[in-house]
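So this block is input.cif, mmCIF, C-alpha atoms:
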```cif
data_run
loop_
_atom_site.label_atom_id
_atom_site.label_comp_id
_atom_site.auth_asym_id
_atom_site.auth_seq_id
_atom_site.Cartn_x
_atom_site.Cartn_y
_atom_site.Cartn_z
CA PHE A 90 -1.28 -4.14 23.85
CA ILE A 91 -1.49 -4.55 27.60
CA TYR A 92 -0.60 -8.24 27.26
CA LEU A 93 2.48 -7.41 25.17
CA LEU A 94 3.57 -4.73 27.59
CA ALA A 95 3.10 -7.14 30.49
CA MET A 96 5.22 -9.72 28.72
CA ALA A 97 7.93 -7.14 28.11
CA SER A 98 7.88 -6.16 31.78
CA SER A 99 8.21 -9.79 32.80
CA LEU A 100 11.21 -10.28 30.57
CA CYS A 101 12.90 -7.21 32.00
CA PHE A 102 12.09 -8.35 35.54
CA PHE A 103 13.61 -11.81 35.12
CA GLY A 104 16.62 -10.31 33.36
CA TRP A 105 17.18 -8.10 36.38
CA ILE A 106 17.10 -11.10 38.74
CA SER A 107 19.62 -12.99 36.62
CA SER A 108 21.97 -10.00 36.56
CA SER A 109 21.76 -9.68 40.32
CA LEU A 110 22.61 -13.33 40.82
CA ILE A 111 25.61 -13.03 38.53
CA VAL A 112 26.90 -9.97 40.35
CA ALA A 113 26.43 -11.70 43.69
CA ALA A 114 28.32 -14.79 42.53
CA TYR A 115 31.18 -12.89 40.87
CA SER A 116 31.77 -9.81 42.93
CA ALA A 117 33.42 -7.14 40.78
CA GLN A 118 33.06 -3.46 40.07
CA TYR A 119 33.13 -1.83 36.64
CA ARG A 120 32.86 1.75 35.48
CA VAL A 121 31.24 2.40 32.09
CA SER A 122 31.69 5.70 30.29
CA VAL A 123 29.30 6.68 27.47
CA ASP A 124 30.06 9.48 25.03
CA THR A 125 26.62 10.87 24.18
CA THR A 126 28.03 13.26 21.59
CA LEU A 127 28.81 10.46 19.14
CA SER A 128 26.47 8.04 17.37
CA ASN A 129 27.25 5.01 15.22
CA ALA A 130 23.73 4.71 13.80
CA THR A 131 20.32 6.30 14.03
CA ILE A 132 16.87 4.74 14.31
CA ALA A 133 14.08 6.14 12.20
CA THR A 134 10.93 7.55 13.78
CA PRO A 135 8.61 5.74 13.94
CA PHE A 136 10.65 2.62 14.60
CA TYR A 137 8.37 -0.03 16.11
CA GLY A 138 4.84 -1.11 15.25
CA TYR A 139 1.88 -3.27 16.20
CA THR A 140 -1.09 -4.92 14.48
CA ILE A 141 -4.84 -4.88 14.89
CA ASP A 142 -5.94 -8.10 13.22
CA TRP A 143 -9.33 -8.91 11.64
CA TRP A 144 -10.33 -11.87 13.86
CA THR A 145 -13.92 -11.75 15.14
CA HIS A 146 -15.29 -12.87 18.51
CA ASP A 147 -17.12 -15.87 17.01
CA ASP A 148 -14.11 -17.27 15.13
CA SER A 149 -13.63 -20.95 16.02
CA ARG A 150 -9.85 -20.65 16.28
CA TYR A 151 -9.03 -17.21 17.66
CA GLY A 152 -12.36 -15.70 18.67
CA ARG A 153 -11.85 -16.36 22.37
CA LYS A 154 -8.46 -14.65 22.28
CA TRP A 155 -9.50 -11.58 20.28
CA GLY A 156 -13.07 -11.01 21.47
CA ASN A 157 -14.23 -7.67 20.07
CA ALA A 158 -10.69 -6.34 19.65
CA GLY A 159 -10.55 -7.03 15.89
CA ALA A 160 -10.49 -4.30 13.24
CA LEU A 161 -14.19 -4.73 12.43
CA THR A 162 -15.45 -4.41 16.01
CA VAL A 163 -12.93 -2.66 18.28
CA ASP A 164 -14.19 0.64 19.69
CA PHE A 165 -11.89 3.21 18.11
CA SER A 166 -13.58 5.97 20.12
CA ASN A 167 -12.85 4.40 23.51
CA ALA A 168 -10.96 7.05 25.48
CA ASN A 169 -8.70 4.56 27.28
CA PHE A 170 -7.82 2.80 24.03
CA VAL A 171 -7.06 6.10 22.30
CA ALA A 172 -4.88 7.19 25.24
CA LEU A 173 -2.94 3.89 25.30
CA VAL A 174 -2.21 3.81 21.57
CA GLY A 175 -1.44 7.51 21.59
CA ALA A 176 1.10 6.97 24.36
CA LEU A 177 2.89 4.40 22.18
CA SER A 178 3.23 6.83 19.29
CA PRO A 179 4.91 7.60 17.03
CA ALA A 180 4.70 4.07 15.68
CA PHE A 181 3.40 2.00 12.77
CA LEU A 182 -0.19 0.81 13.19
CA ARG A 183 -0.88 -2.11 10.86
CA ILE A 184 -4.41 -3.25 10.10
CA GLY A 185 -4.02 -6.76 8.70
CA GLY A 186 -3.47 -10.43 9.33
CA SER A 187 -4.73 -13.79 8.14
CA PRO A 188 -8.38 -12.83 7.38
CA GLU A 189 -7.41 -9.71 5.38
CA ASP A 190 -7.64 -11.68 2.13
CA SER A 191 -11.28 -12.53 2.89
CA ILE A 192 -12.40 -8.98 3.67
CA ILE A 193 -14.69 -7.32 1.13
CA TYR A 194 -14.86 -3.53 0.83
CA ASN A 195 -18.40 -2.21 0.81
CA VAL A 196 -17.99 0.38 -1.93
CA SER A 197 -21.07 -0.56 -3.95
CA GLY A 198 -23.59 -0.35 -1.11
CA ALA A 199 -23.81 -4.06 -0.44
CA CYS A 200 -21.54 -6.85 0.77
CA LEU A 201 -21.91 -10.59 0.61
CA ASN A 202 -23.60 -12.18 3.59
CA VAL A 203 -20.90 -13.01 6.12
CA ASN A 204 -21.92 -16.68 6.05
CA ALA A 205 -21.82 -16.88 2.25
CA SER A 206 -18.83 -18.39 0.48
CA LEU A 207 -16.66 -16.22 -1.74
CA PRO A 208 -17.48 -16.82 -5.40
CA GLY A 209 -14.96 -18.78 -7.46
CA TYR A 210 -11.47 -19.56 -6.25
CA SER A 211 -10.75 -18.66 -2.63
CA CYS A 212 -7.06 -18.33 -1.82
CA SER A 213 -7.21 -16.80 1.63
CA GLN A 214 -6.14 -18.47 4.85
CA THR A 215 -9.70 -18.35 6.22
CA HIS A 216 -11.22 -19.65 2.93
CA ASN A 217 -14.52 -17.85 3.33
CA ASN A 218 -16.11 -14.41 3.28
CA TYR A 219 -14.82 -13.23 6.63
CA GLY A 220 -16.32 -9.78 6.84
CA CYS A 221 -17.30 -6.50 5.23
CA LEU A 222 -15.46 -3.21 5.65
CA SER A 223 -17.80 -0.26 5.25
CA LEU A 224 -16.49 3.10 4.12
CA SER A 225 -17.54 4.63 7.43
CA ARG A 226 -15.47 2.03 9.28
CA TRP A 227 -12.53 2.68 6.94
CA GLN A 228 -12.82 6.37 7.82
CA GLU A 229 -12.85 5.50 11.54
CA ILE A 230 -9.60 3.55 11.12
CA ASN A 231 -7.92 6.48 9.39
CA GLU A 232 -9.19 8.99 11.94
CA PHE A 233 -7.95 6.74 14.76
CA ALA A 234 -4.45 6.76 13.24
CA ILE A 235 -4.57 10.56 13.01
CA LYS A 236 -5.92 10.99 16.55
CA THR A 237 -3.25 8.73 18.07
CA ASN A 238 -0.38 10.09 15.91
CA ASN A 239 0.29 6.65 14.39
CA THR A 240 1.44 5.86 10.86
CA LEU A 241 -1.12 3.59 9.17
CA LEU A 242 -0.31 0.51 7.10
CA PHE A 243 -3.39 -1.23 5.69
CA GLY A 244 -3.50 -4.79 4.37
CA LEU A 245 -5.40 -5.20 1.10
CA SER A 246 -6.93 -8.48 -0.04
CA ALA A 247 -4.93 -10.35 -2.66
CA CYS A 248 -7.66 -12.98 -3.08
CA TYR A 249 -11.11 -11.48 -3.64
CA GLY A 250 -11.53 -11.37 -7.42
CA ARG A 251 -8.82 -13.96 -8.14
CA PRO A 252 -10.30 -16.91 -10.09
CA ALA A 253 -7.32 -19.26 -9.67
CA ALA A 254 -3.87 -19.45 -8.11
CA ASN A 255 -2.13 -18.77 -11.43
CA GLN A 256 -4.56 -16.14 -12.76
CA SER A 257 -4.71 -12.37 -12.48
CA MET A 258 -6.96 -10.67 -9.99
CA ASN A 259 -10.00 -8.52 -10.66
CA PHE A 260 -9.15 -5.28 -8.84
CA SER A 261 -12.57 -3.64 -9.05
CA ASN A 262 -13.26 -3.94 -5.31
CA ILE A 263 -9.87 -2.48 -4.37
CA ALA A 264 -10.25 0.22 -7.03
CA GLY A 265 -13.48 1.33 -5.38
CA LEU A 266 -11.79 1.57 -1.99
CA LEU A 267 -8.89 3.60 -3.42
CA ALA A 268 -11.25 5.99 -5.18
CA ALA A 269 -13.25 6.54 -2.00
CA THR A 270 -10.04 7.16 -0.04
CA THR A 271 -9.02 9.98 -2.38
CA SER A 272 -12.38 11.74 -2.30
CA SER A 273 -12.37 15.30 -0.96
CA SER A 274 -14.46 14.39 2.09
CA PHE A 275 -12.17 11.56 3.21
CA ARG A 276 -9.38 12.08 5.77
CA ALA A 277 -6.37 9.80 5.30
CA ASP A 278 -3.51 12.05 6.40
CA ASN A 279 -1.61 9.26 8.20
CA LEU A 280 -2.08 6.56 5.57
CA TYR A 281 1.51 5.56 4.83
CA ALA A 282 1.30 2.29 2.90
CA PHE A 283 -0.82 -0.58 1.66
CA GLU A 284 0.18 -4.21 2.10
CA PHE A 285 -0.88 -6.64 -0.64
CA GLY A 286 -1.91 -9.99 0.84
CA ASN A 287 -0.89 -11.84 3.98
CA GLU A 288 1.34 -14.95 3.88
CA LEU A 289 -0.11 -16.37 0.66
CA GLN A 290 2.99 -18.20 -0.60
CA ASN A 291 0.99 -21.47 -0.66
CA GLN A 292 -2.12 -19.95 -2.25
CA ILE A 293 -0.92 -17.75 -5.14
CA ASP A 294 1.69 -18.54 -7.78
CA VAL A 295 4.57 -16.13 -7.45
CA ASP A 296 4.40 -15.00 -11.10
CA ALA A 297 0.71 -14.13 -10.81
CA TYR A 298 1.28 -12.33 -7.51
CA THR A 299 4.21 -10.32 -8.88
CA LYS A 300 2.31 -9.15 -11.97
CA ASP A 301 -0.65 -8.13 -9.84
CA PHE A 302 1.64 -6.31 -7.41
CA VAL A 303 2.99 -4.22 -10.30
CA ARG A 304 -0.54 -3.54 -11.56
CA LEU A 305 -1.74 -2.48 -8.11
CA HIS A 306 1.27 -0.20 -7.67
CA GLY A 307 0.29 1.59 -10.88
CA MET A 308 -3.35 1.82 -9.77
CA ILE A 309 -2.41 3.43 -6.48
CA GLY A 310 -0.20 5.97 -8.22
CA SER A 311 -2.81 6.91 -10.81
CA THR A 312 -5.62 7.10 -8.24
CA PHE A 313 -3.85 9.33 -5.72
CA GLN A 314 -2.13 11.55 -8.32
CA SER A 315 -1.84 14.99 -6.69
CA GLN A 316 -2.14 13.58 -3.17
CA ARG A 317 0.71 11.93 -1.28
CA THR A 318 0.86 8.43 -2.73
CA PRO A 319 1.01 5.59 -0.17
CA TYR A 320 3.70 2.97 -0.62
CA LEU A 321 2.84 -0.61 -1.60
CA VAL A 322 4.40 -3.32 0.57
CA GLY A 323 4.92 -7.00 -0.29
CA ALA A 324 5.37 -9.83 -0.48
CA ASP A 325 4.46 -10.67 3.11
CA VAL A 326 5.67 -14.28 3.03
CA TYR A 327 8.02 -16.53 5.02
CA ASP A 328 9.38 -18.43 2.01
CA PRO A 329 12.86 -17.19 0.86
CA PRO A 330 12.65 -18.72 -2.67
CA TYR A 331 9.21 -17.14 -3.19
CA SER A 332 10.55 -13.77 -2.01
CA MET A 333 13.55 -14.02 -4.31
CA GLN A 334 11.39 -14.84 -7.36
CA PHE A 335 9.10 -11.96 -6.46
CA VAL A 336 11.97 -9.44 -6.28
CA GLN A 337 13.48 -10.71 -9.51
CA GLY A 338 10.12 -10.40 -11.28
CA LEU A 339 9.57 -6.75 -10.43
#
```

Could you show the structure in this file as C-alpha cells?
Amino acid sequence: FIYLLAMASSLCFFGWISSSLIVAAYSAQYRVSVDTTLSNATIATPFYGYTIDWWTHDDSRYGRKWGNAGALTVDFSNANFVALVGALSPAFLRIGGSPEDSIIYNVSGACLNVNASLPGYSCSQTHNNYGCLSLSRWQEINEFAIKTNNTLLFGLSACYGRPAANQSMNFSNIAGLLAATTSSSFRADNLYAFEFGNELQNQIDVDAYTKDFVRLHGMIGSTFQSQRTPYLVGADVYDPPYSMQFVQGL
C-alpha cells in the first residue's frame, strides 16, 4: 500500500512540474467557475479497491517482493497495518491472485503437505499445492475487513477438485468453507462477494467453467439462505472471446 501511495504521489508531483512549465511558457490567466449544486454522475461508495495476494516469502518468482505480506502470513493484528487500511476505507479489499487456485481450505482438519503436488489435473497458474487456509485464518481475514471498514471480496479456487480442463469440478472443499462461514459462531459481516478463479482462460474450457459457475452460484445461495448472500464474480480473464462465451452460456 505504501508503495502504491508513493507512486501516486510521484505521479502527482511530476504532473505539477509539467503544469508549471506550461504556464511559464504560455503566460495566460483563466478563471474557472464550478457549480457544486449540480452533478452529472455519482460514484458508488466504496469505489476503489486493492488486493492482498497469496504469494509467500519463499516463492521463487515473487517471494522477495511480497515477503510476509501475503494473505497466509501478513499480520492482520498489526496496529499500523490496521490503521493504514482503515484510513483507506471504505473500499473493496480483495483476497486473491494467481495462487488462489492452488489454495486448499482446511475444513476437514488436515491439509496436504505444502510441498506435495495436487492430486490429478492441476489447472492453476502455480501448478502445485501452494498453501492451506485454516478456518481460524479465514476468520481473521473477515474480522480484519470488519475492523477496517472494508468490503471483502474473496477469491475461491476453480482448480482444486477439477480432474481435467473440460470436466466439472468437485466442490466438496469449497462447500465445507461455505458451511463454516455460515455457522453461528462465524463473523462475516463485510463479506460482499466471492470470485471464482483467477485468469484461467488457458487452463479451463469455457463451457466447463460456465457450468461450474452456475453450480457454485446455486450452492452459495442455498448455503447462506436466511443470511445476506454474497455475490459471485467471474470470469476474471483477459480474453474477450472467452468472456463473451461465458456470458452467453449463463

Q) If you measure from CA of Thr271 (chain A) to CA of Gly310 (chain A), what distance in Å do you get, rounded to one decimal? A) 11.3 Å

(Q) With only C-alpha atoms as the counted atoms, please give the residues lying no more than 7 Å from region 327-335 of chain A, apart from itself and same-chain residues fewer than 2 positions off, as a count of residues only. (A) 8

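Nearest residue to Val336 (chain A), choosing from A:Tyr298, A:Tyr249, A:Trp227, A:Met308 and counting all atoms listed in the file: A:Tyr298.
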
**Q.** Given all atoms listed in the file as the counted atoms, nearest of A:Ile141, A:Ile309, A:Leu177, A:Val326 to Thr237 (chain A)
**A.** A:Leu177

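Reported to one decimal place, the separation of CA of Leu245 (chain A) from CA of Gly286 (chain A) is 5.9 Å.
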
Q | Evaluate the PyMOL selection byres ((chain A and resi 178) around 9) and report residues as an MDAnalysis selection string | A | chainID A and resid 135 174:177 179:181 237:240

Q. Using all atoms listed in the file, which residues sit within 8 Å of Ser211 (chain A) once same-chain residues fewer than 5 positions away are excluded, as a ChimeraX atom specification?
A. /A:216-217,248-249,251-253

Q. Which value, in Å to one decimal, gives the distance between CA of Tyr194 (chain A) and CA of Ala172 (chain A)?
A.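 Taking CA of Tyr194 (chain A) and CA of Ala172 (chain A), their separation equals 28.5 Å.
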
Q.
Can you pull out the residues contacting His306 (chain A)? Cut-off 12 Å, using only C-alpha atoms, and skip same-chain residues under 5 positions away; I want them as a ChimeraX atom specification.
A. /A:260,263-264,267,282-285,299-301,311-313,318-323,339

Q: Give the answer as one residue: which of A:Thr140, A:Ser191, A:Val121, A:Ser128 has the shortest atom-to-atom distance to Gln214 (chain A), using all atoms listed in the file?
A: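 Using all atoms listed in the file, Gln214 (chain A) sits closest to A:Ser191.
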
Q | Contacts of Ile193 (chain A) within 9 Å, only C-alpha atoms, excl. fewer than 3 positions in-chain, as a ChimeraX atom specification | A | /A:189-190,196,200-201,218-223,246,249,262-263

Mind filling out region 251-269 of chain A with N, CA, C and O atoms and sending it as a JSON list (two decimals), keeping the file's coordinate frame?
```json
[["chain", "number", "residue", "atom", "x", "y", "z"],
["A", 251, "ARG", "N", -9.82, -13.11, -7.49],
["A", 251, "ARG", "CA", -8.82, -13.96, -8.14],
["A", 251, "ARG", "C", -9.45, -15.32, -8.45],
["A", 251, "ARG", "O", -9.77, -16.09, -7.55],
["A", 252, "PRO", "N", -9.61, -15.67, -9.73],
["A", 252, "PRO", "CA", -10.30, -16.91, -10.09],
["A", 252, "PRO", "C", -9.49, -18.18, -9.88],
["A", 252, "PRO", "O", -10.05, -19.27, -9.75],
["A", 253, "ALA", "N", -8.16, -18.08, -9.85],
["A", 253, "ALA", "CA", -7.32, -19.26, -9.67],
["A", 253, "ALA", "C", -5.94, -18.82, -9.20],
["A", 253, "ALA", "O", -5.57, -17.64, -9.33],
["A", 254, "ALA", "N", -5.18, -19.77, -8.68],
["A", 254, "ALA", "CA", -3.87, -19.45, -8.11],
["A", 254, "ALA", "C", -2.91, -18.85, -9.13],
["A", 254, "ALA", "O", -2.04, -18.06, -8.78],
["A", 255, "ASN", "N", -3.06, -19.23, -10.38],
["A", 255, "ASN", "CA", -2.13, -18.77, -11.43],
["A", 255, "ASN", "C", -2.74, -17.71, -12.33],
["A", 255, "ASN", "O", -2.21, -17.42, -13.40],
["A", 256, "GLN", "N", -3.88, -17.13, -11.92],
["A", 256, "GLN", "CA", -4.56, -16.14, -12.76],
["A", 256, "GLN", "C", -4.56, -14.76, -12.11],
["A", 256, "GLN", "O", -4.43, -14.62, -10.89],
["A", 257, "SER", "N", -4.71, -13.75, -12.96],
["A", 257, "SER", "CA", -4.71, -12.37, -12.48],
["A", 257, "SER", "C", -5.97, -12.07, -11.68],
["A", 257, "SER", "O", -7.00, -12.72, -11.83],
["A", 258, "MET", "N", -5.88, -11.05, -10.89],
["A", 258, "MET", "CA", -6.96, -10.67, -9.99],
["A", 258, "MET", "C", -7.81, -9.55, -10.59],
["A", 258, "MET", "O", -7.29, -8.67, -11.27],
["A", 259, "ASN", "N", -9.09, -9.61, -10.32],
["A", 259, "ASN", "CA", -10.00, -8.52, -10.66],
["A", 259, "ASN", "C", -9.91, -7.48, -9.53],
["A", 259, "ASN", "O", -10.29, -7.75, -8.40],
["A", 260, "PHE", "N", -9.42, -6.30, -9.87],
["A", 260, "PHE", "CA", -9.15, -5.28, -8.84],
["A", 260, "PHE", "C", -10.31, -4.32, -8.62],
["A", 260, "PHE", "O", -10.12, -3.28, -7.96],
["A", 261, "SER", "N", -11.48, -4.61, -9.13],
["A", 261, "SER", "CA", -12.57, -3.64, -9.05],
["A", 261, "SER", "C", -12.94, -3.28, -7.61],
["A", 261, "SER", "O", -13.25, -2.11, -7.32],
["A", 262, "ASN", "N", -12.91, -4.24, -6.70],
["A", 262, "ASN", "CA", -13.26, -3.94, -5.31],
["A", 262, "ASN", "C", -12.22, -3.04, -4.66],
["A", 262, "ASN", "O", -12.55, -2.07, -3.97],
["A", 263, "ILE", "N", -10.95, -3.33, -4.90],
["A", 263, "ILE", "CA", -9.87, -2.48, -4.37],
["A", 263, "ILE", "C", -9.91, -1.10, -5.02],
["A", 263, "ILE", "O", -9.71, -0.07, -4.36],
["A", 264, "ALA", "N", -10.19, -1.06, -6.32],
["A", 264, "ALA", "CA", -10.25, 0.22, -7.03],
["A", 264, "ALA", "C", -11.31, 1.13, -6.41],
["A", 264, "ALA", "O", -11.11, 2.34, -6.28],
["A", 265, "GLY", "N", -12.43, 0.55, -6.02],
["A", 265, "GLY", "CA", -13.48, 1.33, -5.38],
["A", 265, "GLY", "C", -13.04, 1.90, -4.04],
["A", 265, "GLY", "O", -13.35, 3.04, -3.71],
["A", 266, "LEU", "N", -12.28, 1.10, -3.28],
["A", 266, "LEU", "CA", -11.79, 1.57, -1.99],
["A", 266, "LEU", "C", -10.78, 2.70, -2.18],
["A", 266, "LEU", "O", -10.81, 3.71, -1.46],
["A", 267, "LEU", "N", -9.89, 2.56, -3.15],
["A", 267, "LEU", "CA", -8.89, 3.60, -3.42],
["A", 267, "LEU", "C", -9.56, 4.90, -3.84],
["A", 267, "LEU", "O", -9.17, 5.99, -3.40],
["A", 268, "ALA", "N", -10.56, 4.79, -4.71],
["A", 268, "ALA", "CA", -11.25, 5.99, -5.18],
["A", 268, "ALA", "C", -11.95, 6.71, -4.03],
["A", 268, "ALA", "O", -11.92, 7.94, -3.94],
["A", 269, "ALA", "N", -12.57, 5.93, -3.14],
["A", 269, "ALA", "CA", -13.25, 6.54, -2.00],
["A", 269, "ALA", "C", -12.25, 7.22, -1.06],
["A", 269, "ALA", "O", -12.54, 8.27, -0.48]]
```
